[in-house]
Amino acid sequence: MYGKPCGKGIYIKADSTCYKGDFYNGMKDGKGICTYSNGSYYEGDWKNGIQNGKGIYSSSDGSTYDGNFVNGKFQGYGIYLLKNGNRYEGEWSDGNVDGKGTMYYANGDIYEGDWRKGELTGKGILTLKNKEVYEGDFLNGIKEGEGKYRFKNGDCYVGSWKKGQPNGWGITLIVFL
């Protein structure tokens with residue numbers, strides 16, 4: 001460790017990236033804040049020079065992530081606020097939305113359910129801002145498989161879906177007032 005930074009310090013690279021925090025054996029290790037040359041920053045835990053543990057990342061485009069990191073990638077539970085106003089709360093794997101989670105869309109729609117590699121895939125509930133609700137299977141962001149769609153007037157379709165449309169067997173229930 002002789003000649004390598006240990007303890008607290010500040011390191012500024014030629015491109016103006018600046019790290020302020022803990023060092024061990026010449027690497028970012030412990031708590032620290034890194035402001036990158038593109039305007040983004042990370043504040044949180046570091047291990048062996050990489051983001052590991054709890055932290056907050058703010059992108060230069062205005063999006064922010066508050067959650068867990070493993071080897072520099074979003075991992076475990078986190079909350080991601082996108083610059084377009086969407087908000088995701090849930091599980092991540094290897095930097096991707098993956099597992100159980102809820103997306104609150106800026107337009108008022110809400111999806112709660114399964115995600116795989118950033119796509120709505122598996123079981124989920126999509127509630128539209130107009131109060132119509134689809135509950136069922138998704139594949140790559142599209143209604144696919146079995147599901148139930150409740151219209152705002154109370155009518156309901158229960159059946160199979162393909163490429164986002166009712167397809168195959170199904171029953172439509174109509175509400176008479």
# chains A, B, ... in the order shown; residues from 1 in each chain; ligands from 1
$ residues_around --residues "A:Gln51" --least-positions-apart "5" --cutoff "7 Å" --atoms "only C-alpha atoms" --output "MDAnalysis selection string"
chainID A and resid 45:46 69:72
$ select_by_dssp --residues "chain A" --states "strand (DSSP E or B)" --output "count of residues only"
118
$ closest_atom_pairs --of "stretch 90-119 of chain A" --to "stretch 132-152 of chain A" --cutoff "9 Å" --atoms "only C-alpha atoms" --output "CSV"
residue,atom,partner,partner_atom,distance
A:Asp114,CA,A:Phe138,CA,8.5
A:Trp115,CA,A:Asn140,CA,8.8
A:Arg116,CA,A:Asn140,CA,8.0
A:Gly118,CA,A:Asn140,CA,8.6
A:Glu119,CA,A:Asn140,CA,5.1
$ write_last_selection --atoms "C-alpha atoms" --output "PDB file, in the first residue's frame"
ATOM      1  CA  ASP A 114     -43.392  -8.824 -13.442  1.00  0.00           C
ATOM      2  CA  TRP A 115     -40.524  -7.415 -15.495  1.00  0.00           C
ATOM      3  CA  ARG A 116     -37.787  -9.191 -17.467  1.00  0.00           C
ATOM      4  CA  GLY A 118     -36.679  -3.985 -18.869  1.00  0.00           C
ATOM      5  CA  GLU A 119     -39.908  -5.296 -20.432  1.00  0.00           C
TER       6      GLU A 119
END
$ closest_residue --among "A:Lys83, A:Glu112, A:Ile50, A:Gln75" --to "A:Gly95" --atoms "only C-alpha atoms"
A:Gln75
$ residues_around --residues "A:Arg87" --least-positions-apart "4" --cutoff "6 Å" --atoms "only C-alpha atoms" --output "short mmCIF file (atom, residue, chain, number, x, y, z; two decimals) with N, CA, C and O atoms, in the first residue's frame"
data_model
loop_
_atom_site.label_atom_id
_atom_site.label_comp_id
_atom_site.auth_asym_id
_atom_site.auth_seq_id
_atom_site.Cartn_x
_atom_site.Cartn_y
_atom_site.Cartn_z
N TYR A 80 -36.27 4.54 -9.60
CA TYR A 80 -35.70 5.26 -10.73
C TYR A 80 -36.70 6.31 -11.20
O TYR A 80 -37.84 5.98 -11.54
N LEU A 81 -36.28 7.56 -11.19
CA LEU A 81 -37.10 8.67 -11.66
C LEU A 81 -36.55 9.11 -13.01
O LEU A 81 -35.39 9.54 -13.09
N MET A 103 -44.42 0.62 -12.22
CA MET A 103 -44.08 1.81 -13.00
C MET A 103 -45.26 2.76 -12.95
O MET A 103 -46.40 2.39 -13.27
N TYR A 104 -44.98 3.97 -12.51
CA TYR A 104 -45.97 5.04 -12.49
C TYR A 104 -45.64 5.94 -13.68
O TYR A 104 -44.62 6.64 -13.67
#
$ residues_around --residues "stretch 32-43 of chain A" --least-positions-apart "3" --cutoff "10 Å" --atoms "only C-alpha atoms" --output "compact mmCIF listing (two decimals) with all heavy atoms, in the first residue's frame"
# COMPACT_ATOMS: atom_id res chain seq x y z
N LYS A 8 -9.25 9.42 3.60
CA LYS A 8 -10.11 10.37 2.90
C LYS A 8 -9.28 11.23 1.97
O LYS A 8 -8.14 11.56 2.26
CB LYS A 8 -10.87 11.23 3.90
CG LYS A 8 -11.81 10.42 4.77
CD LYS A 8 -12.86 11.30 5.40
CE LYS A 8 -13.82 10.50 6.23
NZ LYS A 8 -14.58 9.53 5.49
N GLY A 9 -9.92 11.59 0.83
CA GLY A 9 -9.19 12.43 -0.09
C GLY A 9 -10.04 12.87 -1.27
O GLY A 9 -11.22 12.56 -1.37
N ILE A 10 -9.38 13.60 -2.16
CA ILE A 10 -10.01 14.11 -3.38
C ILE A 10 -9.12 13.73 -4.55
O ILE A 10 -7.89 13.90 -4.49
CB ILE A 10 -10.19 15.64 -3.33
CG1 ILE A 10 -11.11 16.03 -2.17
CG2 ILE A 10 -10.75 16.15 -4.66
CD1 ILE A 10 -11.22 17.53 -1.96
N TYR A 11 -9.74 13.24 -5.62
CA TYR A 11 -9.00 12.89 -6.82
C TYR A 11 -9.70 13.54 -8.01
O TYR A 11 -10.91 13.35 -8.21
CB TYR A 11 -8.95 11.37 -7.01
CG TYR A 11 -8.28 10.93 -8.28
CD1 TYR A 11 -6.91 11.05 -8.44
CD2 TYR A 11 -9.02 10.40 -9.32
CE1 TYR A 11 -6.28 10.66 -9.61
CE2 TYR A 11 -8.41 10.00 -10.50
CZ TYR A 11 -7.05 10.12 -10.64
OH TYR A 11 -6.43 9.74 -11.81
N ILE A 12 -8.96 14.32 -8.79
CA ILE A 12 -9.52 14.98 -9.96
C ILE A 12 -8.76 14.49 -11.19
O ILE A 12 -7.54 14.61 -11.27
CB ILE A 12 -9.41 16.52 -9.84
CG1 ILE A 12 -10.13 17.01 -8.58
CG2 ILE A 12 -9.98 17.19 -11.09
CD1 ILE A 12 -9.92 18.47 -8.27
N LYS A 13 -9.51 13.95 -12.15
CA LYS A 13 -8.91 13.45 -13.39
C LYS A 13 -8.78 14.61 -14.40
O LYS A 13 -9.39 15.65 -14.24
CB LYS A 13 -9.80 12.35 -13.99
CG LYS A 13 -9.81 11.07 -13.18
CD LYS A 13 -10.79 10.05 -13.70
CE LYS A 13 -10.48 9.62 -15.10
NZ LYS A 13 -11.36 8.54 -15.59
N ALA A 14 -8.01 14.38 -15.42
CA ALA A 14 -7.78 15.38 -16.46
C ALA A 14 -9.07 15.82 -17.14
O ALA A 14 -9.20 16.97 -17.56
CB ALA A 14 -6.79 14.86 -17.49
N ASP A 15 -10.06 14.91 -17.24
CA ASP A 15 -11.33 15.26 -17.89
C ASP A 15 -12.29 15.99 -16.95
O ASP A 15 -13.44 16.20 -17.29
CB ASP A 15 -12.00 14.02 -18.49
CG ASP A 15 -12.57 13.07 -17.43
OD1 ASP A 15 -12.40 13.31 -16.22
OD2 ASP A 15 -13.19 12.06 -17.83
N SER A 16 -11.83 16.35 -15.76
CA SER A 16 -12.55 17.07 -14.70
C SER A 16 -13.48 16.18 -13.87
O SER A 16 -14.22 16.68 -13.04
CB SER A 16 -13.30 18.30 -15.22
OG SER A 16 -14.47 17.96 -15.92
N THR A 17 -13.47 14.85 -14.08
CA THR A 17 -14.18 13.95 -13.18
C THR A 17 -13.54 14.10 -11.80
O THR A 17 -12.32 14.10 -11.67
CB THR A 17 -14.07 12.49 -13.66
OG1 THR A 17 -14.77 12.37 -14.90
CG2 THR A 17 -14.68 11.52 -12.66
N CYS A 18 -14.38 14.25 -10.78
CA CYS A 18 -13.87 14.51 -9.43
C CYS A 18 -14.49 13.52 -8.43
O CYS A 18 -15.71 13.38 -8.36
CB CYS A 18 -14.21 15.94 -9.02
SG CYS A 18 -13.70 16.36 -7.34
N TYR A 19 -13.64 12.84 -7.67
CA TYR A 19 -14.08 11.94 -6.61
C TYR A 19 -13.62 12.51 -5.27
O TYR A 19 -12.45 12.89 -5.11
CB TYR A 19 -13.51 10.54 -6.79
CG TYR A 19 -13.81 9.62 -5.63
CD1 TYR A 19 -15.06 9.04 -5.48
CD2 TYR A 19 -12.85 9.36 -4.65
CE1 TYR A 19 -15.35 8.22 -4.40
CE2 TYR A 19 -13.13 8.54 -3.57
CZ TYR A 19 -14.38 7.97 -3.45
OH TYR A 19 -14.65 7.16 -2.38
N LYS A 20 -14.55 12.56 -4.33
CA LYS A 20 -14.23 13.00 -2.97
C LYS A 20 -14.77 11.95 -2.02
O LYS A 20 -15.97 11.67 -2.01
CB LYS A 20 -14.89 14.36 -2.69
CG LYS A 20 -14.60 14.88 -1.29
CD LYS A 20 -15.25 16.24 -1.08
CE LYS A 20 -14.96 16.74 0.32
NZ LYS A 20 -15.60 18.04 0.58
N GLY A 21 -13.87 11.33 -1.25
CA GLY A 21 -14.33 10.30 -0.34
C GLY A 21 -13.22 9.42 0.16
O GLY A 21 -12.05 9.83 0.23
N ASP A 22 -13.58 8.17 0.46
CA ASP A 22 -12.66 7.21 1.05
C ASP A 22 -11.88 6.46 -0.03
O ASP A 22 -12.42 6.12 -1.09
CB ASP A 22 -13.44 6.18 1.89
CG ASP A 22 -14.20 6.83 3.04
OD1 ASP A 22 -13.71 7.84 3.59
OD2 ASP A 22 -15.28 6.31 3.39
N PHE A 23 -10.61 6.22 0.29
CA PHE A 23 -9.73 5.43 -0.57
C PHE A 23 -9.13 4.29 0.24
O PHE A 23 -8.89 4.43 1.44
CB PHE A 23 -8.55 6.29 -1.09
CG PHE A 23 -8.95 7.33 -2.08
CD1 PHE A 23 -9.36 8.59 -1.66
CD2 PHE A 23 -8.89 7.07 -3.43
CE1 PHE A 23 -9.71 9.56 -2.57
CE2 PHE A 23 -9.25 8.04 -4.36
CZ PHE A 23 -9.65 9.29 -3.92
N LYS A 28 -11.15 3.89 -4.93
CA LYS A 28 -12.35 4.37 -4.24
C LYS A 28 -12.89 3.18 -3.45
O LYS A 28 -13.14 2.13 -4.02
CB LYS A 28 -13.40 4.85 -5.24
CG LYS A 28 -12.93 5.94 -6.17
CD LYS A 28 -13.95 6.17 -7.29
CE LYS A 28 -13.27 6.89 -8.42
NZ LYS A 28 -13.88 6.63 -9.70
N ASP A 29 -13.04 3.37 -2.15
CA ASP A 29 -13.47 2.25 -1.31
C ASP A 29 -14.03 2.81 -0.01
O ASP A 29 -13.29 3.40 0.77
CB ASP A 29 -12.28 1.32 -1.02
CG ASP A 29 -12.71 -0.07 -0.63
OD1 ASP A 29 -13.34 -0.23 0.44
OD2 ASP A 29 -12.42 -1.00 -1.40
N TRP A 46 -18.66 2.45 -2.28
CA TRP A 46 -17.70 2.00 -3.29
C TRP A 46 -16.94 0.81 -2.74
O TRP A 46 -16.70 0.72 -1.54
CB TRP A 46 -16.70 3.11 -3.61
CG TRP A 46 -17.28 4.33 -4.22
CD1 TRP A 46 -17.91 5.36 -3.56
CD2 TRP A 46 -17.31 4.67 -5.59
NE1 TRP A 46 -18.31 6.31 -4.45
CE2 TRP A 46 -17.95 5.92 -5.72
CE3 TRP A 46 -16.85 4.04 -6.75
CZ2 TRP A 46 -18.14 6.54 -6.93
CZ3 TRP A 46 -17.03 4.68 -7.97
CH2 TRP A 46 -17.67 5.91 -8.05
N GLN A 51 -18.87 1.17 -7.94
CA GLN A 51 -20.07 1.42 -7.14
C GLN A 51 -20.61 0.08 -6.64
O GLN A 51 -20.97 -0.78 -7.43
CB GLN A 51 -21.12 2.13 -7.99
CG GLN A 51 -20.64 3.43 -8.58
CD GLN A 51 -21.33 3.79 -9.87
OE1 GLN A 51 -21.90 2.95 -10.55
NE2 GLN A 51 -21.27 5.06 -10.24
N LYS A 54 -25.28 0.75 -1.30
CA LYS A 54 -26.36 1.72 -1.41
C LYS A 54 -25.81 3.01 -2.02
O LYS A 54 -24.73 3.46 -1.68
CB LYS A 54 -26.93 1.99 -0.02
CG LYS A 54 -28.07 2.96 0.03
CD LYS A 54 -29.39 2.29 -0.26
CE LYS A 54 -30.54 3.24 -0.04
NZ LYS A 54 -31.08 3.79 -1.24
N GLY A 55 -26.59 3.58 -2.95
CA GLY A 55 -26.15 4.83 -3.55
C GLY A 55 -27.24 5.53 -4.34
O GLY A 55 -28.32 4.99 -4.56
N ILE A 56 -26.90 6.75 -4.76
CA ILE A 56 -27.78 7.56 -5.59
C ILE A 56 -26.98 7.96 -6.82
O ILE A 56 -25.88 8.49 -6.71
CB ILE A 56 -28.27 8.81 -4.85
CG1 ILE A 56 -29.10 8.43 -3.63
CG2 ILE A 56 -29.07 9.71 -5.79
CD1 ILE A 56 -29.46 9.61 -2.73
N TYR A 57 -27.57 7.68 -8.00
CA TYR A 57 -26.93 8.08 -9.24
C TYR A 57 -27.86 9.07 -9.93
O TYR A 57 -29.05 8.83 -10.08
CB TYR A 57 -26.71 6.87 -10.16
CG TYR A 57 -26.19 7.26 -11.52
CD1 TYR A 57 -24.85 7.59 -11.70
CD2 TYR A 57 -27.03 7.30 -12.62
CE1 TYR A 57 -24.37 7.98 -12.94
CE2 TYR A 57 -26.55 7.67 -13.86
CZ TYR A 57 -25.23 8.01 -14.02
OH TYR A 57 -24.76 8.39 -15.25
N SER A 58 -27.30 10.19 -10.36
CA SER A 58 -28.06 11.19 -11.10
C SER A 58 -27.40 11.37 -12.46
O SER A 58 -26.22 11.73 -12.54
CB SER A 58 -28.08 12.51 -10.33
OG SER A 58 -28.82 13.48 -11.04
N SER A 59 -28.17 11.10 -13.51
CA SER A 59 -27.66 11.20 -14.87
C SER A 59 -27.65 12.65 -15.32
O SER A 59 -28.43 13.48 -14.84
CB SER A 59 -28.56 10.37 -15.80
OG SER A 59 -28.19 10.57 -17.13
N SER A 60 -26.81 12.95 -16.26
CA SER A 60 -26.74 14.31 -16.81
C SER A 60 -28.05 14.69 -17.50
O SER A 60 -28.33 15.87 -17.68
CB SER A 60 -25.58 14.44 -17.78
OG SER A 60 -25.70 13.50 -18.83
N ASP A 61 -28.89 13.71 -17.85
CA ASP A 61 -30.18 14.01 -18.50
C ASP A 61 -31.29 14.31 -17.48
O ASP A 61 -32.42 14.58 -17.86
CB ASP A 61 -30.62 12.89 -19.45
CG ASP A 61 -31.12 11.63 -18.74
OD1 ASP A 61 -31.22 11.62 -17.49
OD2 ASP A 61 -31.40 10.65 -19.44
N GLY A 62 -30.97 14.24 -16.18
CA GLY A 62 -31.94 14.55 -15.13
C GLY A 62 -32.60 13.35 -14.49
O GLY A 62 -33.33 13.48 -13.52
N SER A 63 -32.37 12.14 -15.01
CA SER A 63 -32.91 10.93 -14.39
C SER A 63 -32.10 10.58 -13.15
O SER A 63 -30.90 10.84 -13.10
CB SER A 63 -32.84 9.76 -15.38
OG SER A 63 -33.60 10.04 -16.53
N THR A 64 -32.76 9.99 -12.14
CA THR A 64 -32.04 9.59 -10.92
C THR A 64 -32.45 8.18 -10.51
O THR A 64 -33.58 7.76 -10.72
CB THR A 64 -32.31 10.54 -9.74
OG1 THR A 64 -33.70 10.54 -9.44
CG2 THR A 64 -31.85 11.96 -10.02
N TYR A 65 -31.48 7.49 -9.90
CA TYR A 65 -31.70 6.16 -9.35
C TYR A 65 -31.24 6.18 -7.90
O TYR A 65 -30.12 6.64 -7.60
CB TYR A 65 -30.90 5.11 -10.13
CG TYR A 65 -30.91 3.74 -9.49
CD1 TYR A 65 -31.98 2.88 -9.65
CD2 TYR A 65 -29.84 3.31 -8.72
CE1 TYR A 65 -31.99 1.62 -9.06
CE2 TYR A 65 -29.84 2.06 -8.13
CZ TYR A 65 -30.91 1.22 -8.31
OH TYR A 65 -30.92 -0.02 -7.72
N ASP A 66 -32.08 5.69 -7.01
CA ASP A 66 -31.75 5.58 -5.59
C ASP A 66 -31.96 4.13 -5.19
O ASP A 66 -33.09 3.65 -5.18
CB ASP A 66 -32.67 6.50 -4.78
CG ASP A 66 -32.34 6.53 -3.29
OD1 ASP A 66 -31.51 5.72 -2.82
OD2 ASP A 66 -32.93 7.37 -2.59
$ closest_residue --among "A:Asp109, A:Pro5, A:Asp94, A:Cys156" --to "A:Gly170" --atoms "only C-alpha atoms"
A:Cys156
$ atom_distance --atom1 "atom CA of A:Tyr105" --atom2 "atom CA of A:Gly154"
23.5 Å
